[in-house]
Amino acid sequence: MDTSPNSNPSPSPKSNIYHISGVPVEFPYKPYGSQLAFMSRVISTLERARRQGHCNALLESPTGTGKTLSLLCSSIAWQLHQNRRHLSKPPSSVSEPNEVADPLIHGGGFIPDPDPSGNTEMPQQTTKAKAHKKLLTPTIYYASRTHSQISQVIREYRKTSYRVPMAILASRKHYCTNKYVCGKENVDDVCKLLLKDTIGGCLEFKNANKVRNHPSLQIGGCFEVHDIEDLVSIGQRVKGCSYFAAQTLAAEAQLVFCPYSYIINPIVRRAMDVDIKGSILILDEAHNVEDMARDGGTVDIEEDVLHALQAELGQLCMNDNLEMTYRPLYDVIQGIVGWINIRKDNLQRCEFEHYLSTWTGDKAKQQLQQIGISQQYFPVLQECATKAIKAGAEAVPGETHLTGISLITLEGLFSSLSYFFSGNGCHANDYQLALQRYVKRDGSKSDI
Ligand code: SF4
């Protein structure tokens, strides 16, 4: 990423519109030849994606050559060009999309249950806005490694003349404006508990629209291009939730900034309601993607979390109506607990107070089979897990379901297992099953 202020020292004196492959691109400076070549590649990739349904490009340019500016200007220019193409079509050729009906899309245990007051305005707005946006133009998701890198990209975006609806996706930890919740270790859990509280709840949640509709975020407003801190400061001023405001803004945005995990990790994607189908994905500093992809396919489960999940599943099995769904999951977790107990004293010592054994490919499959997770049985388990995750995400009042960390653990476990068993198990050699015992800083022992 280029953040050098001197990478383009000479602003264009007259017109700063450059026609690249038929697309008018506004560039804040007189572009170097390398920048024109870079933007031309971006546009030809997007054009090919439009014709073929998808297309990837791996673009490299030395530090200080204005990559970020070139990426932003060319992709937004193409997006606007595409928008104009759509608008010039006769209205009858554009059909209404189906509303997003899959409740899992709103799930993952992170999205709140319906507002206790019965106010469902925010989620409805989100769905409608998404459907409308998809009609016109693909959303640009600009993903970077950290939030501070995103801030640098936004500084570059400010230099351009483009002003499209934008949003930044980030966690509650960054956005929460409830002074009793922000700064806590477990902001997610506290927030979800508050939103279930039909009496108290969270005042800021009810005021999230005051943030989203704040005049400073509108066209020409001082925060039309905003950073996380800007949205938080608006939230603090109007006593509204910046986290849910950012989600609504993202549903309507043409340009969404986010960390890699919001694009690469399917659990985070579902939790944050990020639908990347048909979108333009820009992965800045893509050499980090391998690590992120590895993280996305990995689940770490500690023994006490496993026990808590087992206990919750055991409770749910006692309900006759729910047993069909939860019994197979309970059996699997019990199988994992038993498997750990048998092996934990026979692990290989790798360093002081750290013991580890790993299995990969067919050996990992054999171990999973001993637990009760076979290639043939996995689809049945996955169906049960999907129902359990859906029930937890919907959290219908009066219906029992998995909660908090247990829900997240089950989702993470089945996400990794689905990668492991995908393609009839042909990717099993890319994954490793590991069991380790080590001493935590607080002195307790932990198994995975
Ligand atoms: S301000 Fe938003 S994130 Fe914070 S507790 Fe309230 S609803 Fe949750």
# chains A, B, ... in the order shown; residues from 1 in each chain; ligands from 1

$ select_by_dssp --residues "segment 222-380 of chain A" --states "helix (DSSP H, G or I)" --output "count of residues only"
96

$ residues_near_ligand --ligand "ligand 1" --cutoff "12 Å" --atoms "only C-alpha atoms and all ligand atoms" --output "VMD selection string"
chain A and resid 110 to 115 122 170 to 184 186 to 197 200 to 209 211 232 235 to 236 238 to 247

$ closest_residue --among "A:Ile199, A:Ile219, A:Leu329, A:Ile150" --to "Phe378 of chain A" --atoms "only C-alpha atoms"
A:Leu329

$ select_by_dssp --residues "segment 146-350 of chain A" --states "strand (DSSP E)" --output "list in words"
Met166, Ala167, Ile168, Leu255, Val256, Phe257, Cys258, Pro259, Ile280, Leu281, Ile282, Leu283, Gln348, Arg349 and Cys350 of chain A

$ closest_residue --among "A:Cys258, A:Val225, A:Ile234, A:Leu407" --to "Leu309 of chain A" --atoms "only C-alpha atoms"
A:Leu407

$ atom_distance --atom1 "atom CA of Leu36 of chain A" --atom2 "atom CA of Ile20 of chain A"
7.8 Å

$ atom_distance --atom1 "atom CA of Val25 of chain A" --atom2 "atom CA of Ile282 of chain A"
17.7 Å

$ residues_around --residues "Gln370 of chain A" --least-positions-apart "2" --cutoff "12 Å" --atoms "only C-alpha atoms" --output "MDAnalysis selection string"
chainID A and resid 331:332 334:340 342 363:368 372:375

$ write_last_selection --atoms "C-alpha atoms" --output "mmCIF file, in the first residue's frame"
data_model
loop_
_atom_site.group_PDB
_atom_site.id
_atom_site.type_symbol
_atom_site.label_atom_id
_atom_site.label_comp_id
_atom_site.auth_asym_id
_atom_site.auth_seq_id
_atom_site.Cartn_x
_atom_site.Cartn_y
_atom_site.Cartn_z
ATOM 1 C CA ASP A 331 -22.750 -37.724 20.855
ATOM 2 C CA VAL A 332 -20.038 -36.157 18.699
ATOM 3 C CA GLN A 334 -18.940 -36.571 23.933
ATOM 4 C CA GLY A 335 -16.841 -38.544 21.436
ATOM 5 C CA ILE A 336 -14.311 -35.695 21.227
ATOM 6 C CA VAL A 337 -14.142 -35.404 25.028
ATOM 7 C CA GLY A 338 -13.558 -39.160 25.328
ATOM 8 C CA TRP A 339 -10.962 -39.104 22.533
ATOM 9 C CA ILE A 340 -9.056 -36.329 24.333
ATOM 10 C CA ILE A 342 -7.672 -41.346 26.037
ATOM 11 C CA LYS A 363 -4.741 -40.565 9.634
ATOM 12 C CA ALA A 364 -6.848 -37.585 10.664
ATOM 13 C CA LYS A 365 -9.861 -39.208 9.013
ATOM 14 C CA GLN A 366 -9.271 -42.361 11.060
ATOM 15 C CA GLN A 367 -9.115 -40.366 14.288
ATOM 16 C CA LEU A 368 -12.317 -38.509 13.427
ATOM 17 C CA GLY A 372 -17.963 -40.749 15.282
ATOM 18 C CA ILE A 373 -17.372 -38.282 12.468
ATOM 19 C CA SER A 374 -16.998 -40.172 9.214
ATOM 20 C CA GLN A 375 -17.102 -38.925 5.645
#

$ atom_distance --atom1 "atom CA of Ile267 of chain A" --atom2 "atom CA of Phe420 of chain A"
15.5 Å

$ closest_residue --among "A:Gly221, A:Ile76, A:Ile228, A:Val380" --to "Ser148 of chain A" --atoms "only C-alpha atoms"
A:Ile228

$ closest_residue --among "A:Met39, A:Ile168, A:Leu402, A:Leu435" --to "Thr248 of chain A" --atoms "only C-alpha atoms"
A:Ile168

$ closest_residue --among "A:Ser74, A:Thr139, A:Asp320, A:His19" --to "Lys277 of chain A" --atoms "only C-alpha atoms"
A:Thr139

$ closest_residue --among "A:Ser261, A:Lys159, A:Val153, A:Ser416" --to "Val289 of chain A" --atoms "only C-alpha atoms"
A:Ser261

$ residues_around --residues "Gln382 of chain A" --least-positions-apart "6" --cutoff "9 Å" --atoms "only C-alpha atoms" --output "ChimeraX atom specification"
/A:414,417-418

$ write_last_selection --atoms "N, CA and C atoms" --output "PDB file, in the first residue's frame"
ATOM      1  N   PHE A 414     -17.836 -26.911  12.926  1.00  0.00           N
ATOM      2  CA  PHE A 414     -18.422 -27.443  11.693  1.00  0.00           C
ATOM      3  C   PHE A 414     -17.945 -26.697  10.450  1.00  0.00           C
ATOM      4  N   LEU A 417     -14.659 -28.533   9.823  1.00  0.00           N
ATOM      5  CA  LEU A 417     -14.922 -29.907   9.371  1.00  0.00           C
ATOM      6  C   LEU A 417     -15.478 -29.918   7.947  1.00  0.00           C
ATOM      7  N   SER A 418     -16.282 -28.907   7.618  1.00  0.00           N
ATOM      8  CA  SER A 418     -16.839 -28.909   6.259  1.00  0.00           C
ATOM      9  C   SER A 418     -15.749 -28.688   5.216  1.00  0.00           C
TER      10      SER A 418
END

$ residues_around --residues "Phe38 of chain A" --least-positions-apart "6" --cutoff "9 Å" --atoms "only C-alpha atoms" --output "PDB file with N, CA and C atoms, in the first residue's frame"
ATOM      1  N   LEU A  59      -2.030  -8.051  -8.938  1.00  0.00           N
ATOM      2  CA  LEU A  59      -1.322  -6.852  -9.392  1.00  0.00           C
ATOM      3  C   LEU A  59      -0.247  -6.468  -8.390  1.00  0.00           C
ATOM      4  N   GLU A  60       0.917  -6.184  -8.909  1.00  0.00           N
ATOM      5  CA  GLU A  60       2.043  -5.844  -8.035  1.00  0.00           C
ATOM      6  C   GLU A  60       2.681  -4.550  -8.531  1.00  0.00           C
ATOM      7  N   SER A  61       3.058  -3.731  -7.609  1.00  0.00           N
ATOM      8  CA  SER A  61       3.722  -2.479  -7.977  1.00  0.00           C
ATOM      9  C   SER A  61       4.582  -2.041  -6.793  1.00  0.00           C
ATOM     10  N   LYS A  67      -0.364   2.803  -5.599  1.00  0.00           N
ATOM     11  CA  LYS A  67      -1.260   1.649  -5.854  1.00  0.00           C
ATOM     12  C   LYS A  67      -2.666   1.889  -5.300  1.00  0.00           C
ATOM     13  N   SER A  70      -4.610   4.338  -7.289  1.00  0.00           N
ATOM     14  CA  SER A  70      -4.940   3.769  -8.605  1.00  0.00           C
ATOM     15  C   SER A  70      -6.061   2.743  -8.471  1.00  0.00           C
ATOM     16  N   LEU A  71      -5.989   1.908  -7.428  1.00  0.00           N
ATOM     17  CA  LEU A  71      -7.018   0.890  -7.214  1.00  0.00           C
ATOM     18  C   LEU A  71      -8.376   1.530  -6.960  1.00  0.00           C
ATOM     19  N   SER A  74      -9.712   3.572 -10.221  1.00  0.00           N
ATOM     20  CA  SER A  74     -10.125   2.744 -11.366  1.00  0.00           C
ATOM     21  C   SER A  74     -11.337   1.890 -11.018  1.00  0.00           C
TER      22      SER A  74
END

$ residues_around --residues "Gly220 of chain A" --least-positions-apart "2" --cutoff "12 Å" --atoms "only C-alpha atoms" --output "list in words"
Ser161, Tyr162, Arg163, Val164, Pro165, Pro215, Ser216, Leu217, Gln218, Cys222, Phe223, Glu224, Val225 and His226 of chain A

$ write_last_selection --atoms "C-alpha atoms" --output "compact mmCIF listing (two decimals), in the first residue's frame"
# COMPACT_ATOMS: atom_id res chain seq x y z
CA SER A 161 -12.97 13.36 -6.29
CA TYR A 162 -15.15 10.26 -5.93
CA ARG A 163 -17.81 10.31 -3.24
CA VAL A 164 -19.90 7.15 -3.27
CA PRO A 165 -21.89 5.79 -0.31
CA PRO A 215 -26.55 15.01 8.38
CA SER A 216 -22.76 14.96 8.56
CA LEU A 217 -22.74 11.56 6.82
CA GLN A 218 -24.91 12.73 3.92
CA CYS A 222 -18.09 16.67 6.81
CA PHE A 223 -18.16 12.91 7.46
CA GLU A 224 -19.34 11.85 4.01
CA VAL A 225 -15.94 10.16 3.93
CA HIS A 226 -15.54 8.91 7.47

$ residues_around --residues "segment 353-362 of chain A" --least-positions-apart "6" --cutoff "7 Å" --atoms "only C-alpha atoms" --output "ChimeraX atom specification"
/A:347,428-429,431-439
